[in-house]
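Report on one structure; see the data block that follows.
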Amino acid sequence: MDNRPIGVFDSGLGGLTALRELRRILPGEDLVYFGDTGRVPYGTKGRDTILRYARQDVAFLRTFDPKAIVVACGTVSANALTELTAENPLPIFGVVSPAARAAVEHTQKKQVGLIGTSASIRSGAYEREIAALAPAVTVTARACPLFVPLVENGRFRPGDRVAELVVEEYLAPIKAAGVDALVLGCTHYPLLSGAIAAFMGPGVELIDTGAVCAGYAARLLEEQGLLAQRAQGSCRFYVSDSTEDFSHLAALFLGAAVEGTVERVDVGAY
Ligand code: DGL
C-alpha cells in the first residue's frame with residue numbers, strides 16, 4: 001500500500017486522456033497533473049529541447065513525492081523515456097511500449113498504422129517496439145502536425161469540416177495500406193477519434209495510447225502492492241499558462257468539469 005500521489009504530465013491537454021482513464025480505473029488514487037500549456041507543442045521541437053522540457057516537468061512533479069510518474073505524452077515517451085527512467089529512482093511509465101503491444105495484439109493482417117507528432121514519428125520508437133514484439137508486422141507511419149493545434153482549439157467535433165479534411169489528407173496512405181490497427185501515437189488524438197474512425201471505416205481498431213498506458217501503469221502498481229488504500233482520491237492540476245483557458249478546454253478532454261484545484265507554475269525554474 002502506498003498513499004502517495006501519481007504524477008501525470010503532458011506538453012498540454014492531451015495527457016488528460018490518460019488521467020481520465022486513471023481516474024476511472026483507480027478512483028482511490030491522488031493524481032497530480034502537469035500540462036506544459038505555456039510551451040506546447042513539443043512535437044515540433046528537436047530532441048534536446050524535448051529532453052530539457054521533460055526533465056523540468058519531472059523535476060516539478062517530484063516535488064510532490066510521487067510514487068510513480070505517467071508520461072502521458074507520445075512525444076516525450078518516444079524521445080526521452082530512457083533518460084527519464086535512468087535519472088529518476090521511481091517507476092516512470094511511457095505510452096510507446098503499451099501502445100505497441102496493444103497494436104500487435106490487435107492486428108490480424110499484420111498491418112499497423114501509426115500517427116503521431118513529427119518528433120514522435122522521427123524517433124522511430126514505436127516501430128522499434130513493434131519490430132521487437134512482432135518482426136512480421138509492417139508499420140505505415142505518418143506525422144500529423146496539424147492535429148494538435150486542431151484539438152487544442154476545440155476543432156475536433158464530429159461534422160467539423162476542417163478536421164475531416166485534415167484527417168482525410170493525413171490518413172489516406174494509411175487507409176490504402178490496409179491496416180487493421182491504428183496507433184493514435186499522441187495523447188491529443190483520441191479527441192479526433194470520431195473523425196478518424198469515420199474515415200478509416202469499420203474493422204480498424206484505434207489504439208488510444210493514453211488509456212492503454214493508464215491501464216498498464218495500474219496493473220504494474222497493483223502487482224507491486226503500490227496502490228492507495230482509500231475510496232476516493234483527489235486531482236490537482238498545474239499548468240504553465242493561463243488557468244482559465246485550461247479549465248475550459250480540459251473539460252472537453254475529461255468529459256466533465258475540472259474537479260480540483262488548477263494552479264499556474266513556472267516550470268522553467270525547475
Ligand atoms: N500530447 C503530445 C503527444 O502525445 C502532443 C502535443 C505536442 O506536440 O506537444 O505527443
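Ordering of the C-alpha cells sets the chain letters (A, B, ...), residue numbers begin anew at 1 in every chain, and ligands are numbered from 1 in the order given.
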Could you give me, as a compact mmCIF listing (two decimals) with N, CA and C atoms, in the first residue's frame, every polymer residue with an atom at most 9 Å away from an atom of ligand 1, counting only C-alpha atoms and all ligand atoms?
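Contents of out.txt, freshly written:
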```txt
# COMPACT_ATOMS: atom_id res chain seq x y z
N ASP A 10 1.99 16.04 -19.50
CA ASP A 10 1.95 16.13 -20.96
C ASP A 10 2.42 17.53 -21.33
N SER A 11 2.67 17.73 -22.62
CA SER A 11 3.01 19.06 -23.10
C SER A 11 1.81 20.01 -22.96
N GLY A 12 0.64 19.48 -22.85
CA GLY A 12 -0.54 20.36 -22.76
C GLY A 12 -1.72 19.59 -22.21
N LEU A 13 -2.76 19.52 -23.02
CA LEU A 13 -4.01 18.94 -22.54
C LEU A 13 -4.17 17.46 -22.87
N GLY A 14 -3.42 16.98 -23.86
CA GLY A 14 -3.63 15.61 -24.36
C GLY A 14 -3.53 14.55 -23.27
N GLY A 15 -2.63 14.77 -22.31
CA GLY A 15 -2.44 13.77 -21.26
C GLY A 15 -3.66 13.59 -20.38
N ASP A 36 2.10 21.37 -19.74
CA ASP A 36 3.03 22.46 -20.05
C ASP A 36 2.43 23.37 -21.12
N THR A 37 1.28 23.95 -20.78
CA THR A 37 0.50 24.70 -21.77
C THR A 37 1.22 25.95 -22.29
N ARG A 39 4.33 25.96 -23.18
CA ARG A 39 5.40 25.58 -24.13
C ARG A 39 4.92 24.57 -25.18
N VAL A 40 3.61 24.20 -25.11
CA VAL A 40 3.08 23.27 -26.10
C VAL A 40 3.13 23.95 -27.48
N PRO A 41 3.41 23.29 -28.60
CA PRO A 41 3.62 21.85 -28.73
C PRO A 41 5.08 21.46 -28.53
N TYR A 42 5.29 20.23 -28.08
CA TYR A 42 6.64 19.65 -28.02
C TYR A 42 6.97 18.96 -29.36
N GLY A 43 5.92 18.52 -30.04
CA GLY A 43 6.10 17.62 -31.20
C GLY A 43 6.79 18.26 -32.38
N THR A 44 6.94 19.58 -32.36
CA THR A 44 7.63 20.26 -33.46
C THR A 44 9.07 20.62 -33.06
N LYS A 45 9.45 20.26 -31.81
CA LYS A 45 10.76 20.66 -31.31
C LYS A 45 11.81 19.57 -31.56
N VAL A 71 4.12 9.34 -18.08
CA VAL A 71 4.47 10.29 -19.14
C VAL A 71 3.36 10.20 -20.19
N ALA A 72 2.33 11.02 -20.02
CA ALA A 72 1.14 10.93 -20.87
C ALA A 72 1.32 11.76 -22.12
N CYS A 73 2.46 11.63 -22.74
CA CYS A 73 2.82 12.41 -23.93
C CYS A 73 3.61 11.48 -24.85
N GLY A 74 3.08 11.29 -26.05
CA GLY A 74 3.77 10.42 -27.01
C GLY A 74 5.14 10.96 -27.37
N THR A 75 5.22 12.27 -27.51
CA THR A 75 6.47 12.90 -27.94
C THR A 75 7.58 12.70 -26.90
N VAL A 76 7.26 12.91 -25.62
CA VAL A 76 8.26 12.71 -24.57
C VAL A 76 8.57 11.22 -24.43
N SER A 77 7.54 10.38 -24.46
CA SER A 77 7.77 8.94 -24.33
C SER A 77 8.70 8.43 -25.43
N ALA A 78 8.50 8.92 -26.65
CA ALA A 78 9.29 8.43 -27.78
C ALA A 78 10.71 8.98 -27.79
N VAL A 95 4.06 5.88 -22.96
CA VAL A 95 2.94 5.33 -23.74
C VAL A 95 3.38 4.39 -24.88
N GLY A 116 1.38 10.32 -35.29
CA GLY A 116 1.93 11.00 -34.12
C GLY A 116 2.47 12.35 -34.52
N THR A 117 3.10 13.01 -33.56
CA THR A 117 3.73 14.30 -33.87
C THR A 117 4.98 14.04 -34.71
N SER A 118 5.51 15.10 -35.30
CA SER A 118 6.71 14.94 -36.15
C SER A 118 7.85 14.34 -35.33
N ALA A 119 8.03 14.81 -34.09
CA ALA A 119 9.14 14.31 -33.26
C ALA A 119 8.95 12.84 -32.89
N SER A 120 7.70 12.42 -32.68
CA SER A 120 7.45 11.01 -32.34
C SER A 120 7.75 10.11 -33.53
N PRO A 145 1.13 16.93 -38.05
CA PRO A 145 1.39 18.13 -37.24
C PRO A 145 0.20 19.05 -37.03
N PHE A 147 -2.84 18.11 -36.24
CA PHE A 147 -3.86 17.56 -35.32
C PHE A 147 -3.84 18.25 -33.95
N VAL A 148 -2.62 18.49 -33.41
CA VAL A 148 -2.56 19.06 -32.05
C VAL A 148 -3.18 20.46 -32.01
N PRO A 149 -2.80 21.38 -32.95
CA PRO A 149 -3.48 22.68 -32.90
C PRO A 149 -4.99 22.58 -33.12
N LEU A 184 -2.90 5.71 -32.22
CA LEU A 184 -3.02 7.17 -32.09
C LEU A 184 -1.85 7.59 -31.19
N GLY A 185 -0.68 7.78 -31.81
CA GLY A 185 0.58 7.88 -31.07
C GLY A 185 0.79 9.20 -30.37
N CYS A 186 -0.24 9.95 -30.21
CA CYS A 186 -0.17 11.23 -29.49
C CYS A 186 -1.43 11.30 -28.63
N THR A 187 -1.27 11.72 -27.39
CA THR A 187 -2.40 11.67 -26.46
C THR A 187 -3.48 12.71 -26.76
N HIS A 188 -3.22 13.60 -27.70
CA HIS A 188 -4.28 14.53 -28.12
C HIS A 188 -5.27 13.86 -29.08
N TYR A 189 -4.82 12.85 -29.79
CA TYR A 189 -5.59 12.36 -30.93
C TYR A 189 -6.91 11.65 -30.60
N THR A 209 -3.41 5.71 -26.92
CA THR A 209 -2.16 5.49 -26.18
C THR A 209 -2.27 5.88 -24.70
N GLY A 210 -2.98 6.98 -24.42
CA GLY A 210 -3.12 7.41 -23.03
C GLY A 210 -3.86 6.39 -22.19
```
task: Enumerate as an MDAnalysis selection string all residues of segment 28-237 of chain A assigned to strand (DSSP E or B) by DSSP on the backbone, naming them with the chain letters and numbers the document uses.
output: chainID A and resid 31:35 68:71 92:93 111:116 138:143 181:184 205:208 235:237
Each residue of segment 107-225 of chain A with at least one atom at most 8 Å from segment 240-263 of chain A should appear once, together with its nearest atom pair and the corresponding distance in Å (one decimal); atoms considered: only C-alpha atoms; ordering: chain, then increasing residue number; output as CSV.
```
residue,atom,partner,partner_atom,distance
A:Glu152,CA,A:Leu249,CA,7.5
A:Gly154,CA,A:Leu249,CA,7.3
A:Leu191,CA,A:Phe253,CA,7.2
```
message: Can you pull out the residues contacting segment 225-237 of chain A? Cut-off 8 Å, using only C-alpha atoms, and skip same-chain residues under 4 positions away; I want them as a ChimeraX atom specification.
response: /A:1-4,27-35,67,221,259-263
Write out, as a short mmCIF file (atom, residue, chain, number, x, y, z; two decimals), in the first residue's frame, the residues just selected, with all heavy atoms.
```cif
data_model
loop_
_atom_site.label_atom_id
_atom_site.label_comp_id
_atom_site.auth_asym_id
_atom_site.auth_seq_id
_atom_site.Cartn_x
_atom_site.Cartn_y
_atom_site.Cartn_z
N MET A 1 0.84 -1.20 0.00
CA MET A 1 0.00 0.00 0.00
C MET A 1 0.88 1.25 0.00
O MET A 1 1.89 1.30 0.68
CB MET A 1 -0.87 -0.04 1.27
CG MET A 1 -2.00 0.93 1.29
SD MET A 1 -1.61 2.46 2.14
CE MET A 1 -1.67 1.98 3.85
N ASP A 2 0.50 2.22 -0.84
CA ASP A 2 1.28 3.46 -0.91
C ASP A 2 0.31 4.59 -1.24
O ASP A 2 -0.26 4.63 -2.33
CB ASP A 2 2.36 3.32 -2.00
CG ASP A 2 3.35 4.47 -1.98
OD1 ASP A 2 2.98 5.58 -1.53
OD2 ASP A 2 4.51 4.27 -2.41
N ASN A 3 0.10 5.47 -0.28
CA ASN A 3 -0.89 6.54 -0.48
C ASN A 3 -0.32 7.81 -1.12
O ASN A 3 -1.02 8.81 -1.23
CB ASN A 3 -1.55 6.91 0.86
CG ASN A 3 -2.72 5.98 1.16
OD1 ASN A 3 -3.24 5.31 0.27
ND2 ASN A 3 -3.11 5.91 2.41
N ARG A 4 0.92 7.76 -1.56
CA ARG A 4 1.48 8.94 -2.22
C ARG A 4 0.80 9.13 -3.60
O ARG A 4 0.23 8.17 -4.15
CB ARG A 4 2.98 8.77 -2.40
CG ARG A 4 3.74 8.84 -1.08
CD ARG A 4 5.23 8.65 -1.30
NE ARG A 4 5.51 7.35 -1.88
CZ ARG A 4 6.62 7.04 -2.54
NH1 ARG A 4 7.56 7.94 -2.72
NH2 ARG A 4 6.80 5.83 -3.02
N PRO A 27 -9.94 4.91 -8.81
CA PRO A 27 -10.59 6.10 -8.21
C PRO A 27 -10.00 6.51 -6.87
O PRO A 27 -10.15 7.66 -6.45
CB PRO A 27 -12.06 5.68 -8.07
CG PRO A 27 -12.06 4.19 -8.13
CD PRO A 27 -10.88 3.79 -8.97
N GLY A 28 -9.31 5.60 -6.19
CA GLY A 28 -8.77 5.92 -4.86
C GLY A 28 -7.44 6.67 -4.90
O GLY A 28 -6.95 7.11 -3.86
N GLU A 29 -6.86 6.83 -6.08
CA GLU A 29 -5.53 7.46 -6.15
C GLU A 29 -5.61 8.98 -6.15
O GLU A 29 -6.50 9.57 -6.77
CB GLU A 29 -4.80 7.02 -7.44
CG GLU A 29 -4.51 5.54 -7.52
CD GLU A 29 -3.53 5.06 -6.45
OE1 GLU A 29 -2.67 5.84 -6.00
OE2 GLU A 29 -3.64 3.88 -6.07
N ASP A 30 -4.66 9.62 -5.50
CA ASP A 30 -4.45 11.06 -5.65
C ASP A 30 -3.62 11.26 -6.92
O ASP A 30 -2.58 10.60 -7.09
CB ASP A 30 -3.67 11.63 -4.46
CG ASP A 30 -4.53 11.81 -3.23
OD1 ASP A 30 -5.78 11.74 -3.36
OD2 ASP A 30 -3.96 11.99 -2.14
N LEU A 31 -4.08 12.16 -7.79
CA LEU A 31 -3.37 12.41 -9.04
C LEU A 31 -2.93 13.87 -9.12
O LEU A 31 -3.70 14.76 -8.76
CB LEU A 31 -4.29 12.09 -10.24
CG LEU A 31 -4.89 10.68 -10.28
CD1 LEU A 31 -5.88 10.56 -11.44
CD2 LEU A 31 -3.80 9.62 -10.43
N VAL A 32 -1.70 14.08 -9.55
CA VAL A 32 -1.21 15.45 -9.77
C VAL A 32 -0.88 15.55 -11.26
O VAL A 32 -0.04 14.80 -11.76
CB VAL A 32 0.07 15.73 -8.95
CG1 VAL A 32 0.52 17.18 -9.19
CG2 VAL A 32 -0.16 15.50 -7.47
N TYR A 33 -1.58 16.43 -11.96
CA TYR A 33 -1.38 16.57 -13.40
C TYR A 33 -0.63 17.86 -13.70
O TYR A 33 -0.97 18.92 -13.18
CB TYR A 33 -2.75 16.63 -14.11
CG TYR A 33 -2.63 16.70 -15.62
CD1 TYR A 33 -2.50 15.53 -16.36
CD2 TYR A 33 -2.62 17.92 -16.30
CE1 TYR A 33 -2.36 15.59 -17.75
CE2 TYR A 33 -2.49 17.98 -17.68
CZ TYR A 33 -2.37 16.81 -18.39
OH TYR A 33 -2.23 16.85 -19.76
N PHE A 34 0.39 17.75 -14.55
CA PHE A 34 1.04 18.96 -15.06
C PHE A 34 0.91 19.01 -16.58
O PHE A 34 1.29 18.07 -17.28
CB PHE A 34 2.53 19.02 -14.67
CG PHE A 34 3.21 20.18 -15.34
CD1 PHE A 34 2.85 21.48 -15.02
CD2 PHE A 34 4.17 19.98 -16.32
CE1 PHE A 34 3.43 22.57 -15.67
CE2 PHE A 34 4.75 21.05 -16.98
CZ PHE A 34 4.38 22.35 -16.64
N GLY A 35 0.37 20.10 -17.09
CA GLY A 35 0.27 20.34 -18.54
C GLY A 35 1.11 21.56 -18.87
O GLY A 35 0.86 22.65 -18.35
N LYS A 67 4.70 8.40 -6.11
CA LYS A 67 5.18 7.01 -6.10
C LYS A 67 5.49 6.54 -7.52
O LYS A 67 6.22 5.56 -7.70
CB LYS A 67 4.15 6.09 -5.44
CG LYS A 67 2.80 6.04 -6.15
CD LYS A 67 1.84 5.23 -5.33
CE LYS A 67 0.41 5.38 -5.85
NZ LYS A 67 -0.57 4.88 -4.89
N LEU A 221 1.39 -1.16 -10.83
CA LEU A 221 1.34 -0.65 -9.45
C LEU A 221 0.63 -1.66 -8.56
O LEU A 221 1.03 -1.88 -7.41
CB LEU A 221 0.63 0.71 -9.41
CG LEU A 221 1.41 1.88 -10.04
CD1 LEU A 221 0.56 3.14 -10.05
CD2 LEU A 221 2.71 2.13 -9.29
N GLU A 259 -12.55 18.96 -11.71
CA GLU A 259 -12.75 18.94 -10.25
C GLU A 259 -11.38 18.99 -9.60
O GLU A 259 -10.51 18.19 -9.95
CB GLU A 259 -13.44 17.64 -9.84
CG GLU A 259 -14.94 17.67 -10.02
CD GLU A 259 -15.55 16.33 -9.70
OE1 GLU A 259 -15.04 15.64 -8.81
OE2 GLU A 259 -16.52 15.97 -10.39
N GLY A 260 -11.19 19.87 -8.67
CA GLY A 260 -9.88 20.01 -8.04
C GLY A 260 -9.27 21.34 -8.42
O GLY A 260 -9.76 22.04 -9.29
N THR A 261 -8.16 21.66 -7.76
CA THR A 261 -7.55 22.98 -7.94
C THR A 261 -6.75 23.04 -9.24
O THR A 261 -6.20 22.03 -9.69
CB THR A 261 -6.61 23.28 -6.77
OG1 THR A 261 -5.64 22.21 -6.70
CG2 THR A 261 -7.36 23.36 -5.46
N VAL A 262 -6.69 24.22 -9.84
CA VAL A 262 -5.83 24.44 -11.01
C VAL A 262 -4.92 25.62 -10.67
O VAL A 262 -5.41 26.70 -10.33
CB VAL A 262 -6.64 24.80 -12.27
CG1 VAL A 262 -5.71 24.89 -13.48
CG2 VAL A 262 -7.74 23.78 -12.54
N GLU A 263 -3.62 25.40 -10.74
CA GLU A 263 -2.67 26.48 -10.41
C GLU A 263 -1.64 26.63 -11.50
O GLU A 263 -1.33 25.68 -12.22
CB GLU A 263 -1.94 26.17 -9.10
CG GLU A 263 -2.79 26.38 -7.87
CD GLU A 263 -2.07 25.93 -6.61
OE1 GLU A 263 -0.88 26.30 -6.45
OE2 GLU A 263 -2.68 25.19 -5.83
#
```
Which residue of A:Gly194, A:Leu220, A:Thr63, A:Ser97 approaches Glu129 of chain A most closely, using only C-alpha atoms: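 Comparing A:Gly194, A:Leu220, A:Thr63, A:Ser97 against Glu129 of chain A, the winner is A:Ser97.
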message: I'd like the interatomic distance between atom CA of Gly201 of chain A and atom CA of Gln111 of chain A, to a tenth of an Å.
response: 15.2 Å
- request: Between A:Val239, A:Val166, A:Val70, A:Val183, single out the one closest to Glu127 of chain A, counting only C-alpha atoms.
  value: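 The closest residue to Glu127 of chain A is A:Val183.
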message: Among segment 64-259 of chain A, which residues does DSSP mark as helix (DSSP H, G or I) when it is run on the backbone? Keep the chain and numbering as in the structure and answer as JSON, numbers by chain.
response: {"A": [74, 75, 76, 77, 78, 79, 80, 81, 82, 83, 84, 85, 86, 87, 96, 97, 98, 99, 100, 101, 102, 103, 104, 105, 106, 118, 119, 120, 121, 122, 123, 125, 126, 127, 128, 129, 130, 131, 132, 133, 147, 148, 149, 150, 151, 152, 161, 162, 163, 164, 165, 166, 167, 168, 169, 170, 171, 172, 173, 174, 175, 176, 189, 190, 191, 192, 193, 194, 195, 196, 197, 198, 199, 200, 209, 210, 211, 212, 213, 214, 215, 216, 217, 218, 219, 220, 221, 222, 223, 243, 244, 245, 246, 247, 248, 249, 250, 251, 252, 253, 254]}
Would you write out those residues with C-alpha atoms, as a JSON list (two decimals), in the first residue's frame?
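Output below, filename selection17.json:
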```json
[["chain", "number", "residue", "atom", "x", "y", "z"],
["A", 74, "GLY", "CA", 3.77, 10.42, -27.01],
["A", 75, "THR", "CA", 6.47, 12.90, -27.94],
["A", 76, "VAL", "CA", 8.26, 12.71, -24.57],
["A", 77, "SER", "CA", 7.77, 8.94, -24.33],
["A", 78, "ALA", "CA", 9.29, 8.43, -27.78],
["A", 79, "ASN", "CA", 12.23, 10.80, -27.28],
["A", 80, "ALA", "CA", 13.17, 10.98, -23.61],
["A", 81, "LEU", "CA", 11.90, 7.97, -21.64],
["A", 82, "THR", "CA", 15.30, 6.24, -21.48],
["A", 83, "GLU", "CA", 16.92, 9.27, -19.84],
["A", 84, "LEU", "CA", 13.99, 9.96, -17.52],
["A", 85, "THR", "CA", 13.90, 6.39, -16.20],
["A", 86, "ALA", "CA", 17.70, 6.27, -15.78],
["A", 87, "GLU", "CA", 17.80, 9.58, -13.90],
["A", 96, "VAL", "CA", 5.07, 3.77, -26.51],
["A", 97, "SER", "CA", 5.57, 0.26, -25.20],
["A", 98, "PRO", "CA", 1.97, -0.44, -24.04],
["A", 99, "ALA", "CA", 0.58, 1.02, -27.28],
["A", 100, "ALA", "CA", 2.93, -1.08, -29.43],
["A", 101, "ARG", "CA", 1.88, -4.20, -27.54],
["A", 102, "ALA", "CA", -1.82, -3.38, -27.96],
["A", 103, "ALA", "CA", -1.35, -2.86, -31.72],
["A", 104, "VAL", "CA", 0.49, -6.15, -32.15],
["A", 105, "GLU", "CA", -2.22, -7.97, -30.19],
["A", 106, "HIS", "CA", -4.98, -6.47, -32.35],
["A", 118, "SER", "CA", 6.71, 14.94, -36.15],
["A", 119, "ALA", "CA", 9.14, 14.31, -33.26],
["A", 120, "SER", "CA", 7.45, 11.01, -32.34],
["A", 121, "ILE", "CA", 7.46, 9.67, -35.88],
["A", 122, "ARG", "CA", 11.04, 10.84, -36.48],
["A", 123, "SER", "CA", 12.21, 8.97, -33.36],
["A", 125, "ALA", "CA", 10.41, 4.45, -31.22],
["A", 126, "TYR", "CA", 7.05, 2.81, -31.99],
["A", 127, "GLU", "CA", 8.48, 0.91, -34.96],
["A", 128, "ARG", "CA", 11.37, -0.40, -32.83],
["A", 129, "GLU", "CA", 8.99, -1.67, -30.14],
["A", 130, "ILE", "CA", 6.67, -3.29, -32.70],
["A", 131, "ALA", "CA", 9.59, -4.92, -34.57],
["A", 132, "ALA", "CA", 10.91, -6.35, -31.28],
["A", 133, "LEU", "CA", 7.50, -7.83, -30.45],
["A", 147, "PHE", "CA", -3.86, 17.56, -35.32],
["A", 148, "VAL", "CA", -2.56, 19.06, -32.05],
["A", 149, "PRO", "CA", -3.48, 22.68, -32.90],
["A", 150, "LEU", "CA", -6.88, 21.49, -34.13],
["A", 151, "VAL", "CA", -7.54, 19.71, -30.84],
["A", 152, "GLU", "CA", -6.11, 22.48, -28.63],
["A", 161, "ARG", "CA", -15.28, 20.12, -41.88],
["A", 162, "VAL", "CA", -11.75, 21.39, -41.28],
["A", 163, "ALA", "CA", -10.97, 18.44, -39.01],
["A", 164, "GLU", "CA", -12.49, 15.99, -41.51],
["A", 165, "LEU", "CA", -10.45, 17.42, -44.37],
["A", 166, "VAL", "CA", -7.18, 17.22, -42.44],
["A", 167, "VAL", "CA", -7.95, 13.68, -41.25],
["A", 168, "GLU", "CA", -8.60, 12.59, -44.83],
["A", 169, "GLU", "CA", -5.39, 14.15, -46.12],
["A", 170, "TYR", "CA", -3.16, 12.61, -43.44],
["A", 171, "LEU", "CA", -4.77, 9.18, -43.23],
["A", 172, "ALA", "CA", -5.32, 8.37, -46.92],
["A", 173, "PRO", "CA", -1.98, 6.49, -47.31],
["A", 174, "ILE", "CA", -2.55, 4.60, -44.06],
["A", 175, "LYS", "CA", -6.02, 3.53, -45.14],
["A", 176, "ALA", "CA", -4.60, 2.50, -48.54],
["A", 189, "TYR", "CA", -5.59, 12.36, -30.93],
["A", 190, "PRO", "CA", -8.36, 10.40, -29.13],
["A", 191, "LEU", "CA", -10.43, 13.58, -29.32],
["A", 192, "LEU", "CA", -10.36, 13.21, -33.09],
["A", 193, "SER", "CA", -11.28, 9.54, -32.93],
["A", 194, "GLY", "CA", -14.82, 10.18, -34.22],
["A", 195, "ALA", "CA", -13.50, 11.72, -37.44],
["A", 196, "ILE", "CA", -10.64, 9.20, -37.68],
["A", 197, "ALA", "CA", -12.93, 6.18, -37.20],
["A", 198, "ALA", "CA", -15.41, 7.55, -39.75],
["A", 199, "PHE", "CA", -12.64, 7.92, -42.33],
["A", 200, "MET", "CA", -10.86, 4.63, -41.64],
["A", 209, "THR", "CA", -2.16, 5.49, -26.18],
["A", 210, "GLY", "CA", -3.12, 7.41, -23.03],
["A", 211, "ALA", "CA", -5.78, 4.91, -22.00],
["A", 212, "VAL", "CA", -3.59, 1.89, -22.78],
["A", 213, "CYS", "CA", -0.70, 3.39, -20.77],
["A", 214, "ALA", "CA", -3.00, 4.15, -17.82],
["A", 215, "GLY", "CA", -4.15, 0.52, -17.78],
["A", 216, "TYR", "CA", -0.56, -0.71, -17.94],
["A", 217, "ALA", "CA", 0.58, 1.57, -15.10],
["A", 218, "ALA", "CA", -2.39, 0.50, -12.96],
["A", 219, "ARG", "CA", -1.59, -3.20, -13.47],
["A", 220, "LEU", "CA", 2.07, -2.73, -12.56],
["A", 221, "LEU", "CA", 1.34, -0.65, -9.45],
["A", 222, "GLU", "CA", -1.14, -3.28, -8.32],
["A", 223, "GLU", "CA", 1.36, -6.12, -8.89],
["A", 243, "THR", "CA", -5.54, 28.57, -15.75],
["A", 244, "GLU", "CA", -8.81, 29.86, -17.22],
["A", 245, "ASP", "CA", -8.08, 28.61, -20.73],
["A", 246, "PHE", "CA", -7.03, 25.27, -19.24],
["A", 247, "SER", "CA", -10.20, 24.72, -17.22],
["A", 248, "HIS", "CA", -12.44, 25.44, -20.20],
["A", 249, "LEU", "CA", -10.68, 23.10, -22.65],
["A", 250, "ALA", "CA", -9.80, 20.47, -20.07],
["A", 251, "ALA", "CA", -13.49, 19.80, -19.51],
["A", 252, "LEU", "CA", -13.70, 18.67, -23.14],
["A", 253, "PHE", "CA", -10.84, 16.21, -22.66],
["A", 254, "LEU", "CA", -12.15, 14.92, -19.35]]
```
